[in-house]
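Printed here is structure.pdb (PDB, C-alpha atoms and all ligand atoms):
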ATOM      1  CA  MET A   1      -1.727  -9.615   4.435
ATOM      2  CA  PRO A   2      -0.507 -10.012   8.016
ATOM      3  CA  GLY A   3       3.142 -11.025   8.254
ATOM      4  CA  ASP A   4       2.272 -13.666  10.822
ATOM      5  CA  LYS A   5      -0.002 -15.590   8.422
ATOM      6  CA  PRO A   6       2.369 -17.689   6.279
ATOM      7  CA  ARG A   7      -0.514 -19.469   4.568
ATOM      8  CA  ALA A   8      -2.064 -16.184   3.426
ATOM      9  CA  ILE A   9       1.368 -15.000   2.265
ATOM     10  CA  GLU A  10       1.835 -18.132   0.157
ATOM     11  CA  LYS A  11      -1.668 -17.737  -1.266
ATOM     12  CA  ALA A  12      -0.950 -14.145  -2.210
ATOM     13  CA  ARG A  13       1.482 -15.290  -4.909
ATOM     14  CA  THR A  14      -1.390 -16.479  -7.082
ATOM     15  CA  LEU A  15      -4.244 -14.069  -6.452
ATOM     16  CA  GLY A  16      -3.832 -11.692  -9.395
ATOM     17  CA  ALA A  17      -3.124  -8.525  -7.412
ATOM     18  CA  ASP A  18      -0.813  -5.948  -9.037
ATOM     19  CA  ALA A  19       1.366  -5.908  -5.914
ATOM     20  CA  VAL A  20       1.440  -7.471  -2.480
ATOM     21  CA  ILE A  21       1.867  -5.749   0.885
ATOM     22  CA  LEU A  22       3.180  -7.881   3.734
ATOM     23  CA  ASP A  23       2.115  -6.216   6.966
ATOM     24  CA  LEU A  24       4.176  -5.897  10.112
ATOM     25  CA  GLU A  25       2.080  -3.066  11.577
ATOM     26  CA  ASP A  26      -1.497  -3.100  12.839
ATOM     27  CA  ALA A  27      -2.466  -6.564  11.571
ATOM     28  CA  VAL A  28       0.268  -8.114  13.741
ATOM     29  CA  ALA A  29      -0.032  -8.229  17.540
ATOM     30  CA  PRO A  30       2.974  -6.914  19.531
ATOM     31  CA  GLU A  31       3.861 -10.417  20.748
ATOM     32  CA  HIS A  32       4.044 -11.687  17.142
ATOM     33  CA  LYS A  33       6.102  -8.844  15.675
ATOM     34  CA  ALA A  34       9.426 -10.693  15.730
ATOM     35  CA  ALA A  35       8.001 -13.901  14.251
ATOM     36  CA  ALA A  36       6.167 -11.920  11.579
ATOM     37  CA  ARG A  37       9.392 -10.129  10.626
ATOM     38  CA  GLU A  38      11.109 -13.497  10.167
ATOM     39  CA  ASN A  39       8.218 -14.825   8.072
ATOM     40  CA  VAL A  40       8.389 -11.778   5.872
ATOM     41  CA  GLN A  41      12.146 -12.146   5.372
ATOM     42  CA  GLU A  42      11.642 -15.794   4.506
ATOM     43  CA  ALA A  43       8.867 -14.933   2.036
ATOM     44  CA  LEU A  44      11.079 -12.356   0.337
ATOM     45  CA  ARG A  45      13.821 -14.933  -0.268
ATOM     46  CA  SER A  46      11.887 -16.647  -3.050
ATOM     47  CA  PRO A  47      10.815 -14.939  -6.297
ATOM     48  CA  TRP A  48       7.399 -13.266  -6.631
ATOM     49  CA  PRO A  49       5.381 -12.643  -9.794
ATOM     50  CA  VAL A  50       4.535  -9.082  -8.633
ATOM     51  CA  PRO A  51       6.313  -6.373  -6.631
ATOM     52  CA  VAL A  52       6.279  -7.046  -2.885
ATOM     53  CA  LEU A  53       6.117  -4.214  -0.370
ATOM     54  CA  VAL A  54       6.391  -4.433   3.393
ATOM     55  CA  ARG A  55       4.322  -2.234   5.666
ATOM     56  CA  VAL A  56       6.768  -1.596   8.495
ATOM     57  CA  ASN A  57       5.920  -0.283  11.931
ATOM     58  CA  GLY A  58       5.886   3.490  12.052
ATOM     59  CA  VAL A  59       8.559   5.932  13.057
ATOM     60  CA  GLY A  60       8.765   6.150  16.843
ATOM     61  CA  THR A  61       7.624   2.572  17.513
ATOM     62  CA  PRO A  62       9.923   0.000  19.142
ATOM     63  CA  TRP A  63      10.031  -2.081  15.944
ATOM     64  CA  GLU A  64      10.723   0.569  13.289
ATOM     65  CA  HIS A  65      14.486   0.071  12.829
ATOM     66  CA  GLU A  66      14.475  -3.728  12.827
ATOM     67  CA  ASP A  67      11.515  -3.814  10.443
ATOM     68  CA  ARG A  68      13.094  -1.497   7.897
ATOM     69  CA  GLU A  69      16.483  -3.197   8.122
ATOM     70  CA  ALA A  70      14.986  -6.683   7.726
ATOM     71  CA  ALA A  71      12.845  -5.704   4.751
ATOM     72  CA  LEU A  72      15.651  -3.857   2.974
ATOM     73  CA  LEU A  73      18.174  -6.638   3.584
ATOM     74  CA  ALA A  74      15.744  -9.191   2.196
ATOM     75  CA  GLY A  75      15.403  -7.186  -1.039
ATOM     76  CA  VAL A  76      11.913  -5.744  -0.705
ATOM     77  CA  ASP A  77      10.599  -3.752  -3.704
ATOM     78  CA  GLY A  78       9.266  -0.893  -1.593
ATOM     79  CA  LEU A  79       8.204   0.097   1.892
ATOM     80  CA  VAL A  80       4.799   1.201   3.119
ATOM     81  CA  LEU A  81       5.145   3.643   5.989
ATOM     82  CA  PRO A  82       2.050   4.033   8.176
ATOM     83  CA  LYS A  83       0.716   7.225   9.750
ATOM     84  CA  VAL A  84       3.069   9.608   7.958
ATOM     85  CA  GLU A  85       2.480  13.146   9.188
ATOM     86  CA  ASP A  86       5.305  15.212   7.686
ATOM     87  CA  ALA A  87       7.710  15.223   4.779
ATOM     88  CA  GLN A  88      10.777  15.374   7.014
ATOM     89  CA  THR A  89      10.066  11.881   8.369
ATOM     90  CA  VAL A  90      10.225  10.566   4.830
ATOM     91  CA  THR A  91      13.341  12.415   3.715
ATOM     92  CA  GLU A  92      15.281  11.502   6.867
ATOM     93  CA  LEU A  93      14.838   7.792   6.189
ATOM     94  CA  HIS A  94      17.108   8.020   3.100
ATOM     95  CA  LEU A  95      15.534   4.901   1.665
ATOM     96  CA  ARG A  96      16.965   3.168  -1.394
ATOM     97  CA  VAL A  97      13.576   1.721  -2.377
ATOM     98  CA  PRO A  98      10.332   3.529  -3.263
ATOM     99  CA  LEU A  99       8.218   4.601  -0.323
ATOM    100  CA  TRP A 100       4.426   4.445  -0.114
ATOM    101  CA  ALA A 101       3.182   6.847   2.550
ATOM    102  CA  MET A 102      -0.040   6.068   4.362
ATOM    103  CA  ILE A 103      -2.174   9.126   4.974
ATOM    104  CA  GLU A 104      -4.376   8.192   7.886
ATOM    105  CA  THR A 105      -4.263  10.940  10.478
ATOM    106  CA  PRO A 106      -5.555  14.526  10.404
ATOM    107  CA  LEU A 107      -1.976  15.865  10.382
ATOM    108  CA  GLY A 108      -1.114  13.492   7.554
ATOM    109  CA  VAL A 109      -3.999  14.836   5.478
ATOM    110  CA  LEU A 110      -2.939  18.437   6.117
ATOM    111  CA  ALA A 111       0.662  17.618   5.174
ATOM    112  CA  ALA A 112      -0.238  15.370   2.221
ATOM    113  CA  PRO A 113       1.037  17.783  -0.475
ATOM    114  CA  ARG A 114       4.470  18.082   1.180
ATOM    115  CA  ILE A 115       4.641  14.333   1.802
ATOM    116  CA  ALA A 116       3.749  13.640  -1.832
ATOM    117  CA  ALA A 117       6.424  16.071  -2.998
ATOM    118  CA  ALA A 118       9.168  14.403  -0.918
ATOM    119  CA  PRO A 119      11.853  12.579  -2.939
ATOM    120  CA  GLY A 120      11.456   8.812  -3.095
ATOM    121  CA  VAL A 121       7.699   8.801  -2.516
ATOM    122  CA  ALA A 122       5.996   6.539  -5.056
ATOM    123  CA  GLY A 123       2.460   6.904  -3.830
ATOM    124  CA  LEU A 124       0.012   7.795  -1.093
ATOM    125  CA  ILE A 125      -2.304   5.228   0.476
ATOM    126  CA  ALA A 126      -5.435   6.352   2.301
ATOM    127  CA  GLY A 127      -5.995   4.649   5.653
ATOM    128  CA  ALA A 128      -9.719   4.980   6.312
ATOM    129  CA  ASN A 129      -9.850   3.029   9.564
ATOM    130  CA  ASP A 130      -7.315   5.161  11.385
ATOM    131  CA  LEU A 131      -8.707   8.311   9.821
ATOM    132  CA  ALA A 132     -12.263   7.532  10.897
ATOM    133  CA  ARG A 133     -11.093   6.956  14.438
ATOM    134  CA  ALA A 134      -8.976  10.102  14.578
ATOM    135  CA  LEU A 135     -11.713  12.264  13.043
ATOM    136  CA  ARG A 136     -14.415  10.709  15.257
ATOM    137  CA  THR A 137     -16.614  10.122  12.209
ATOM    138  CA  ARG A 138     -19.591   7.749  12.263
ATOM    139  CA  PRO A 139     -19.754   4.756   9.884
ATOM    140  CA  ASP A 140     -21.259   5.731   6.539
ATOM    141  CA  PRO A 141     -21.463   3.385   3.527
ATOM    142  CA  GLU A 142     -21.061   6.425   1.242
ATOM    143  CA  ARG A 143     -17.943   7.567   3.165
ATOM    144  CA  GLY A 144     -19.413  11.092   3.306
ATOM    145  CA  PRO A 145     -17.461  12.203   6.390
ATOM    146  CA  LEU A 146     -14.180  10.985   4.855
ATOM    147  CA  LEU A 147     -14.608  12.413   1.372
ATOM    148  CA  HIS A 148     -12.694  15.597   2.071
ATOM    149  CA  ALA A 149      -9.691  13.650   3.359
ATOM    150  CA  LEU A 150      -9.838  11.053   0.572
ATOM    151  CA  SER A 151      -9.918  13.797  -2.056
ATOM    152  CA  ALA A 152      -7.017  15.545  -0.329
ATOM    153  CA  VAL A 153      -4.970  12.347  -0.754
ATOM    154  CA  VAL A 154      -5.838  12.143  -4.449
ATOM    155  CA  LEU A 155      -5.145  15.846  -5.005
ATOM    156  CA  ALA A 156      -1.727  15.720  -3.324
ATOM    157  CA  ALA A 157      -0.653  12.547  -5.103
ATOM    158  CA  ARG A 158      -1.827  13.708  -8.530
ATOM    159  CA  ALA A 159      -0.223  17.133  -8.081
ATOM    160  CA  TYR A 160       3.203  15.508  -7.708
ATOM    161  CA  GLY A 161       2.801  12.593 -10.103
ATOM    162  CA  ARG A 162       2.464  10.004  -7.335
ATOM    163  CA  VAL A 163       0.039   7.075  -7.291
ATOM    164  CA  PRO A 164      -3.008   7.487  -5.026
ATOM    165  CA  LEU A 165      -4.369   4.202  -3.628
ATOM    166  CA  ASP A 166      -7.745   3.949  -1.951
ATOM    167  CA  ALA A 167      -8.280   2.520   1.532
ATOM    168  CA  VAL A 168      -9.284  -1.041   2.420
ATOM    169  CA  TYR A 169     -12.923  -2.158   2.667
ATOM    170  CA  ASN A 170     -13.378  -4.034   5.935
ATOM    171  CA  ASP A 171     -16.420  -6.223   5.264
ATOM    172  CA  VAL A 172     -14.893  -9.109   3.352
ATOM    173  CA  ARG A 173     -18.317 -10.774   3.052
ATOM    174  CA  ASP A 174     -19.958  -7.830   1.249
ATOM    175  CA  PRO A 175     -19.034  -7.904  -2.464
ATOM    176  CA  GLY A 176     -21.769  -5.406  -3.378
ATOM    177  CA  GLY A 177     -20.530  -2.794  -0.921
ATOM    178  CA  PHE A 178     -16.954  -3.444  -2.018
ATOM    179  CA  ALA A 179     -17.817  -2.936  -5.698
ATOM    180  CA  ARG A 180     -19.644   0.327  -4.902
ATOM    181  CA  GLU A 181     -16.663   1.587  -2.921
ATOM    182  CA  CYS A 182     -14.279   0.679  -5.772
ATOM    183  CA  ALA A 183     -16.466   2.628  -8.196
ATOM    184  CA  GLN A 184     -16.518   5.589  -5.811
ATOM    185  CA  GLY A 185     -12.739   5.474  -5.360
ATOM    186  CA  ARG A 186     -12.185   5.400  -9.094
ATOM    187  CA  ALA A 187     -14.596   8.316  -9.560
ATOM    188  CA  LEU A 188     -12.650  10.278  -6.916
ATOM    189  CA  GLY A 189      -9.451   9.793  -8.905
ATOM    190  CA  PHE A 190      -7.719   6.961  -7.078
ATOM    191  CA  ALA A 191      -5.521   4.733  -9.253
ATOM    192  CA  GLY A 192      -6.285   1.518  -7.377
ATOM    193  CA  LYS A 193      -7.609  -0.088  -4.226
ATOM    194  CA  THR A 194      -5.808  -1.747  -1.343
ATOM    195  CA  VAL A 195      -7.483  -5.058  -0.500
ATOM    196  CA  ILE A 196      -7.442  -7.409   2.487
ATOM    197  CA  HIS A 197      -8.992 -10.637   1.224
ATOM    198  CA  PRO A 198      -8.613 -12.854  -1.871
ATOM    199  CA  GLY A 199     -12.300 -12.324  -2.656
ATOM    200  CA  GLN A 200     -11.707  -8.605  -3.250
ATOM    201  CA  VAL A 201      -8.944  -8.827  -5.864
ATOM    202  CA  GLY A 202     -11.063  -9.603  -8.935
ATOM    203  CA  ALA A 203     -13.585  -6.849  -8.260
ATOM    204  CA  ALA A 204     -10.835  -4.282  -7.657
ATOM    205  CA  ASN A 205      -9.113  -5.273 -10.907
ATOM    206  CA  ALA A 206     -12.410  -5.018 -12.777
ATOM    207  CA  ALA A 207     -13.232  -1.624 -11.283
ATOM    208  CA  TYR A 208      -9.838  -0.074 -11.989
ATOM    209  CA  GLY A 209      -9.007  -1.872 -15.218
ATOM    210  CA  VAL A 210     -10.087  -0.974 -18.748
ATOM    211  CA  SER A 211     -13.059  -2.997 -19.951
ATOM    212  CA  GLU A 212     -13.796  -3.903 -23.566
ATOM    213  CA  GLU A 213     -16.656  -1.387 -23.398
ATOM    214  CA  ASP A 214     -14.307   1.382 -22.132
ATOM    215  CA  ALA A 215     -11.914   0.593 -24.982
ATOM    216  CA  ARG A 216     -14.712   0.661 -27.553
ATOM    217  CA  GLU A 217     -15.917   4.067 -26.289
ATOM    218  CA  ALA A 218     -12.363   5.421 -26.379
ATOM    219  CA  SER A 219     -11.911   4.221 -29.974
ATOM    220  CA  ALA A 220     -15.189   5.788 -31.056
ATOM    221  CA  LEU A 221     -14.294   9.084 -29.373
ATOM    222  CA  LEU A 222     -10.914   9.115 -31.089
ATOM    223  CA  ALA A 223     -12.544   8.484 -34.472
ATOM    224  CA  ALA A 224     -14.811  11.512 -33.907
ATOM    225  CA  TRP A 225     -11.839  13.562 -32.757
ATOM    226  CA  ASP A 226      -9.638  12.590 -35.720
ATOM    227  CA  GLU A 227     -12.431  13.484 -38.119
ATOM    228  CA  ALA A 228     -12.855  16.900 -36.468
ATOM    229  CA  ARG A 229      -9.102  17.549 -36.578
ATOM    230  CA  ALA A 230      -8.972  16.539 -40.253
ATOM    231  CA  GLN A 231     -11.525  19.299 -40.856
ATOM    232  CA  GLY A 232      -9.338  21.783 -38.985
ATOM    233  CA  ARG A 233     -11.552  21.911 -35.874
ATOM    234  CA  SER A 234     -10.133  21.745 -32.336
ATOM    235  CA  VAL A 235     -13.470  21.132 -30.659
ATOM    236  CA  ALA A 236     -16.047  18.545 -31.605
ATOM    237  CA  THR A 237     -18.989  16.697 -30.122
ATOM    238  CA  PHE A 238     -19.138  13.004 -29.317
ATOM    239  CA  ARG A 239     -22.538  11.548 -28.484
ATOM    240  CA  GLY A 240     -23.778  15.106 -28.073
ATOM    241  CA  ALA A 241     -21.108  16.292 -25.616
ATOM    242  CA  LEU A 242     -18.157  18.605 -26.171
ATOM    243  CA  ILE A 243     -14.754  16.976 -26.680
ATOM    244  CA  GLU A 244     -11.390  18.722 -26.785
ATOM    245  CA  THR A 245      -7.710  17.742 -26.783
ATOM    246  CA  MET A 246      -7.775  16.435 -23.192
ATOM    247  CA  HIS A 247     -10.580  14.019 -23.994
ATOM    248  CA  ALA A 248      -8.582  12.644 -26.913
ATOM    249  CA  LEU A 249      -5.511  12.278 -24.684
ATOM    250  CA  GLU A 250      -7.585  10.470 -22.072
ATOM    251  CA  ALA A 251      -8.993   8.131 -24.721
ATOM    252  CA  ARG A 252      -5.460   7.339 -25.940
ATOM    253  CA  GLU A 253      -4.414   6.581 -22.346
ATOM    254  CA  THR A 254      -7.408   4.284 -21.960
ATOM    255  CA  LEU A 255      -6.461   2.362 -25.088
ATOM    256  CA  ALA A 256      -2.812   2.167 -24.014
ATOM    257  CA  ALA A 257      -3.895   0.622 -20.698
ATOM    258  CA  TRP A 258      -6.286  -1.834 -22.307
ATOM    259  CA  THR A 259      -5.285  -5.478 -22.526
ATOM    260  CA  PRO A 260      -7.523  -7.214 -25.049
ATOM    261  CA  ALA A 261      -8.589 -10.637 -23.785
ATOM    262  CA  ASP A 262      -8.063 -12.218 -27.224
ATOM    263  CA  GLY A 263      -4.911 -10.366 -28.279
ATOM    264  CA  ARG A 264      -6.684  -8.359 -31.030
ATOM    265  CA  GLY A 265      -6.055  -4.668 -31.523
ATOM    266  CA  ALA A 266      -8.310  -1.794 -30.486
ATOM    267  CA  PRO A 267     -12.036  -2.569 -30.928
TER     268      PRO A 267
HETATM  269  C1  LIG A 301     -10.055 -10.295   7.123
HETATM  270  C2  LIG A 301      -9.481 -11.659   7.461
HETATM  271  C3  LIG A 301      -9.135 -11.711   8.939
HETATM  272  C4  LIG A 301     -10.531 -12.735   7.151
HETATM  273  O1  LIG A 301      -9.946 -13.958   7.452
HETATM  274  P1  LIG A 301     -10.702 -15.335   7.265
HETATM  275  O2  LIG A 301     -12.089 -15.259   7.871
HETATM  276  O3  LIG A 301      -9.795 -16.411   7.766
HETATM  277  O4  LIG A 301     -10.878 -15.437   5.713
HETATM  278  P2  LIG A 301     -11.350 -16.667   4.902
HETATM  279  O5  LIG A 301     -11.678 -17.815   5.770
HETATM  280  O6  LIG A 301     -12.424 -16.185   3.999
HETATM  281  O7  LIG A 301     -10.072 -17.018   4.046
HETATM  282  C5  LIG A 301     -10.212 -17.752   2.865
HETATM  283  C6  LIG A 301      -8.876 -18.157   2.359
HETATM  284  O8  LIG A 301      -8.159 -17.019   1.927
HETATM  285  C7  LIG A 301      -6.930 -16.877   2.645
HETATM  286  N1  LIG A 301      -6.751 -15.464   2.964
HETATM  287  C8  LIG A 301      -7.477 -14.696   3.785
HETATM  288  N2  LIG A 301      -7.041 -13.428   3.774
HETATM  289  C9  LIG A 301      -6.009 -13.422   2.923
HETATM  290  C10 LIG A 301      -5.141 -12.381   2.471
HETATM  291  N3  LIG A 301      -5.260 -11.107   2.932
HETATM  292  N4  LIG A 301      -4.197 -12.690   1.576
HETATM  293  C11 LIG A 301      -4.065 -13.974   1.119
HETATM  294  N5  LIG A 301      -4.858 -15.000   1.488
HETATM  295  C12 LIG A 301      -5.806 -14.716   2.391
HETATM  296  C13 LIG A 301      -7.094 -17.732   3.898
HETATM  297  O9  LIG A 301      -5.839 -18.189   4.301
HETATM  298  C14 LIG A 301      -7.994 -18.832   3.382
HETATM  299  O10 LIG A 301      -7.210 -19.738   2.633
HETATM  300  P3  LIG A 301      -7.295 -21.291   2.885
HETATM  301  O11 LIG A 301      -6.539 -21.494   4.162
HETATM  302  O12 LIG A 301      -6.642 -21.889   1.696
HETATM  303  O13 LIG A 301      -8.746 -21.655   3.011
HETATM  304  C15 LIG A 301      -8.245 -11.954   6.600
HETATM  305  O14 LIG A 301      -8.652 -11.923   5.268
HETATM  306  C16 LIG A 301      -7.077 -11.068   6.838
HETATM  307  O15 LIG A 301      -6.332 -11.249   7.787
HETATM  308  N6  LIG A 301      -6.891 -10.093   5.947
HETATM  309  C17 LIG A 301      -5.767  -9.183   5.939
HETATM  310  C18 LIG A 301      -5.867  -8.153   7.042
HETATM  311  C19 LIG A 301      -4.764  -7.155   6.873
HETATM  312  O16 LIG A 301      -3.853  -7.349   6.115
HETATM  313  N7  LIG A 301      -4.832  -6.043   7.565
HETATM  314  C20 LIG A 301      -3.884  -4.975   7.400
HETATM  315  C21 LIG A 301      -4.300  -4.087   6.308
HETATM  316  S1  LIG A 301      -5.736  -3.180   6.771
HETATM  317  C22 LIG A 301      -5.203  -1.564   6.781
HETATM  318  O17 LIG A 301      -4.233  -1.267   6.186
HETATM  319  C23 LIG A 301      -5.994  -0.575   7.518
HETATM  320  C24 LIG A 301      -5.396   0.806   7.412
HETATM  321  O18 LIG A 301      -4.203   0.899   8.128
HETATM  322  C25 LIG A 301      -6.413   1.771   7.912
HETATM  323  O19 LIG A 301      -6.150   2.470   8.882
HETATM  324  O20 LIG A 301      -7.482   1.813   7.295
HETATM  325 MG    MG A 302      -4.065   2.239   9.552
END
Now that the file is in, can you turn its structure into structure tokens?
Amino acid sequence: MPGDKPRAIEKARTLGADAVILDLEDAVAPEHKAAARENVQEALRSPWPVPVLVRVNGVGTPWEHEDREAALLAGVDGLVLPKVEDAQTVTELHLRVPLWAMIETPLGVLAAPRIAAAPGVAGLIAGANDLARALRTRPDPERGPLLHALSAVVLAARAYGRVPLDAVYNDVRDPGGFARECAQGRALGFAGKTVIHPGQVGAANAAYGVSEEDAREASALLAAWDEARAQGRSVATFRGALIETMHALEARETLAAWTPADGRGAP
């Protein structure tokens, strides 16, 4: 949320997001940058239930040094750096907190593998608004013109064990479109969605979390797999489709990530 909206910042403590990003960049007008920086420092002084990151202004802007210094001094959990276009920018910062690099320019997409490989990078965040502008794409609810770039972000992050986060969805009054985009992002391989409004948090959590149904399917697959292994087979079928070791591993990961609502074990 914008650093110059103290009410939204306070609200963010209770919304159920996995992490919070306080923005000093594009959501804050130039004349409010200094006040926003102070708000953010103030907000970081009190404890938060989730990690708090600050999106600082980018390298080469008039605010970059003060933003980074203020956030680091205040004990931020990580920095989000916008419009990252090369790995050198990241390594030269010598940060002592994890860095989340926004990939939102054509050069950023082309350099995504090197950026992801840079030490200290925790994840890559797709920035669809800046990308769409830079690529001169036309609006498309299916994000067709952006798919190549979005997949490049996922590929680079996954290749280096970083977390790929999907871009924001601008229409905060369109829950159906938001849910479809979450499902698409998950199918593309993103690990989560960046959100801009309280109304988007629940749907993002539902889309990226493990449902009771997912957990039940994973348990059933593992039962079929264990039976096949007990018979000395290393391939089996589950509901008519081939399963191998990687499917069993995936099912175990699903169960490990599942939080049963009632505290019971696997279904
Ligand atoms: C998008 C908004 C401008 C909409 O604002 P508004 O119309 O005021 O929303 P509501 O009236 O529905 O607000 C309802 C209540 O919720 C609180 N609220 C609103 N947004 C947030 C938020 N992000 N976090 C916490 N709380 C929020 C309001 O205060 C209302 O509460 P109450 O006063 O009790 O009634 C607005 O949602 C907004 O500013 N969102 C964040 C925008 C932002 O952060 N932008 C930067 C990230 S976008 C990005 O990264 C793009 C990327 O770089 C790219 O290139 O793609
Ligand atoms: Mg942007």
Worksheet entry | Result set, the PyMOL selection byres (((chain A and resi 14) around 10) and not hetatm) on current file, as a PyMOL selection string | chain A and resi 9-13+15-17+48-50+198
Write a file of the selected residues as a PDB file, in the frame of the given file, keeping C-alpha atoms.
ATOM      1  CA  ILE A   9       1.368 -15.000   2.265  1.00  0.00           C
ATOM      2  CA  GLU A  10       1.835 -18.132   0.157  1.00  0.00           C
ATOM      3  CA  LYS A  11      -1.668 -17.737  -1.266  1.00  0.00           C
ATOM      4  CA  ALA A  12      -0.950 -14.145  -2.210  1.00  0.00           C
ATOM      5  CA  ARG A  13       1.482 -15.290  -4.909  1.00  0.00           C
ATOM      6  CA  LEU A  15      -4.244 -14.069  -6.452  1.00  0.00           C
ATOM      7  CA  GLY A  16      -3.832 -11.692  -9.395  1.00  0.00           C
ATOM      8  CA  ALA A  17      -3.124  -8.525  -7.412  1.00  0.00           C
ATOM      9  CA  TRP A  48       7.399 -13.266  -6.631  1.00  0.00           C
ATOM     10  CA  PRO A  49       5.381 -12.643  -9.794  1.00  0.00           C
ATOM     11  CA  VAL A  50       4.535  -9.082  -8.633  1.00  0.00           C
ATOM     12  CA  PRO A 198      -8.613 -12.854  -1.871  1.00  0.00           C
TER      13      PRO A 198
END
Worksheet item: Quick one, how far is atom CA of A:Val172 from atom O18 of ligand LIG 301 (chain A)?
Response: 15.4 Å
Practice prompt. Determine the residue membership of the PyMOL selection byres (((chain A and resi 237) around 12) and not hetatm) for the file above and supply it as number ranges by chain.
Written response: A: 220-229, 233-236, 238-245, 247-248
Worksheet item: Taking all atoms listed in the file into account, which residues are within 10 Å of ligand MG 302 (chain A), as number ranges by chain?
Response: A: 25-27, 81-83, 102-105, 125-133, 167-168
All file atoms of ligand LIG 301 (chain A) boxed axis-aligned, 3 Å per side, centre plus edges, as lines of an AutoDock Vina configuration file:
center_x = -8.1
center_y = -9.7
center_z = 5.0
size_x = 14.6
size_y = 30.4
size_z = 13.8
Practice prompt. Determine, counting all atoms listed in the file, which protein, DNA and RNA residues have an atom within 10 Å of an atom of stretch 150-158 of chain A; residues of the same chain fewer than 3 positions away are not included. Present the result as a PyMOL selection string.
Written response: chain A and resi 102-104+108-117+121-128+131+143-147+161-167+185+188-191
Limited to C-alpha atoms, could you put the picked residues into a file as an mmCIF file, in the frame of the given file?
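The result, written out as selection17.cif:
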data_model
loop_
_atom_site.group_PDB
_atom_site.id
_atom_site.type_symbol
_atom_site.label_atom_id
_atom_site.label_comp_id
_atom_site.auth_asym_id
_atom_site.auth_seq_id
_atom_site.Cartn_x
_atom_site.Cartn_y
_atom_site.Cartn_z
ATOM 1 C CA MET A 102 -0.040 6.068 4.362
ATOM 2 C CA ILE A 103 -2.174 9.126 4.974
ATOM 3 C CA GLU A 104 -4.376 8.192 7.886
ATOM 4 C CA GLY A 108 -1.114 13.492 7.554
ATOM 5 C CA VAL A 109 -3.999 14.836 5.478
ATOM 6 C CA LEU A 110 -2.939 18.437 6.117
ATOM 7 C CA ALA A 111 0.662 17.618 5.174
ATOM 8 C CA ALA A 112 -0.238 15.370 2.221
ATOM 9 C CA PRO A 113 1.037 17.783 -0.475
ATOM 10 C CA ARG A 114 4.470 18.082 1.180
ATOM 11 C CA ILE A 115 4.641 14.333 1.802
ATOM 12 C CA ALA A 116 3.749 13.640 -1.832
ATOM 13 C CA ALA A 117 6.424 16.071 -2.998
ATOM 14 C CA VAL A 121 7.699 8.801 -2.516
ATOM 15 C CA ALA A 122 5.996 6.539 -5.056
ATOM 16 C CA GLY A 123 2.460 6.904 -3.830
ATOM 17 C CA LEU A 124 0.012 7.795 -1.093
ATOM 18 C CA ILE A 125 -2.304 5.228 0.476
ATOM 19 C CA ALA A 126 -5.435 6.352 2.301
ATOM 20 C CA GLY A 127 -5.995 4.649 5.653
ATOM 21 C CA ALA A 128 -9.719 4.980 6.312
ATOM 22 C CA LEU A 131 -8.707 8.311 9.821
ATOM 23 C CA ARG A 143 -17.943 7.567 3.165
ATOM 24 C CA GLY A 144 -19.413 11.092 3.306
ATOM 25 C CA PRO A 145 -17.461 12.203 6.390
ATOM 26 C CA LEU A 146 -14.180 10.985 4.855
ATOM 27 C CA LEU A 147 -14.608 12.413 1.372
ATOM 28 C CA GLY A 161 2.801 12.593 -10.103
ATOM 29 C CA ARG A 162 2.464 10.004 -7.335
ATOM 30 C CA VAL A 163 0.039 7.075 -7.291
ATOM 31 C CA PRO A 164 -3.008 7.487 -5.026
ATOM 32 C CA LEU A 165 -4.369 4.202 -3.628
ATOM 33 C CA ASP A 166 -7.745 3.949 -1.951
ATOM 34 C CA ALA A 167 -8.280 2.520 1.532
ATOM 35 C CA GLY A 185 -12.739 5.474 -5.360
ATOM 36 C CA LEU A 188 -12.650 10.278 -6.916
ATOM 37 C CA GLY A 189 -9.451 9.793 -8.905
ATOM 38 C CA PHE A 190 -7.719 6.961 -7.078
ATOM 39 C CA ALA A 191 -5.521 4.733 -9.253
#
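With distances restricted to only C-alpha atoms, A:Asp18 is the closest residue to A:Tyr208 from A:Gln88, A:Asp18, A:Lys33, A:Gly176.
Separating atom CA of A:Val76 from atom CA of A:Val54 is a distance of 7.0 Å.
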Item to complete: Rounded to one decimal place, report the atom CA of A:Arg173-atom C11 of ligand LIG 301 (chain A) distance in Å.
Response: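 Atom C11 of ligand LIG 301 (chain A) lies at a distance of 14.7 Å from atom CA of A:Arg173.
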Practice prompt. Starting from the shown file, work through the PyMOL selection byres (((chain A and resi 72) around 12) and not hetatm) and note down what comes out as number ranges by chain.
Written response: A: 37, 40-41, 44-45, 52-56, 65-71, 73-80, 94-99
Discussion item. Between A:Pro30, A:Gly199, A:Pro139, A:Gly60, which residue has the minimum interatomic distance to ligand LIG 301 (chain A), considering all atoms listed in the file?
Written reply: A:Gly199
Worksheet entry | Best match for closeness to ligand LIG 301 (chain A) among A:Ala187, A:Val90, A:Ile196, A:Ala29, counting only C-alpha atoms and all ligand atoms |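 Once distances to ligand LIG 301 (chain A) are computed over only C-alpha atoms and all ligand atoms, the minimum belongs to A:Ile196.
Proximity of A:His197, A:Arg138, A:Arg180, A:Arg186 to ligand LIG 301 (chain A), computed with all atoms listed in the file, is greatest for A:His197.
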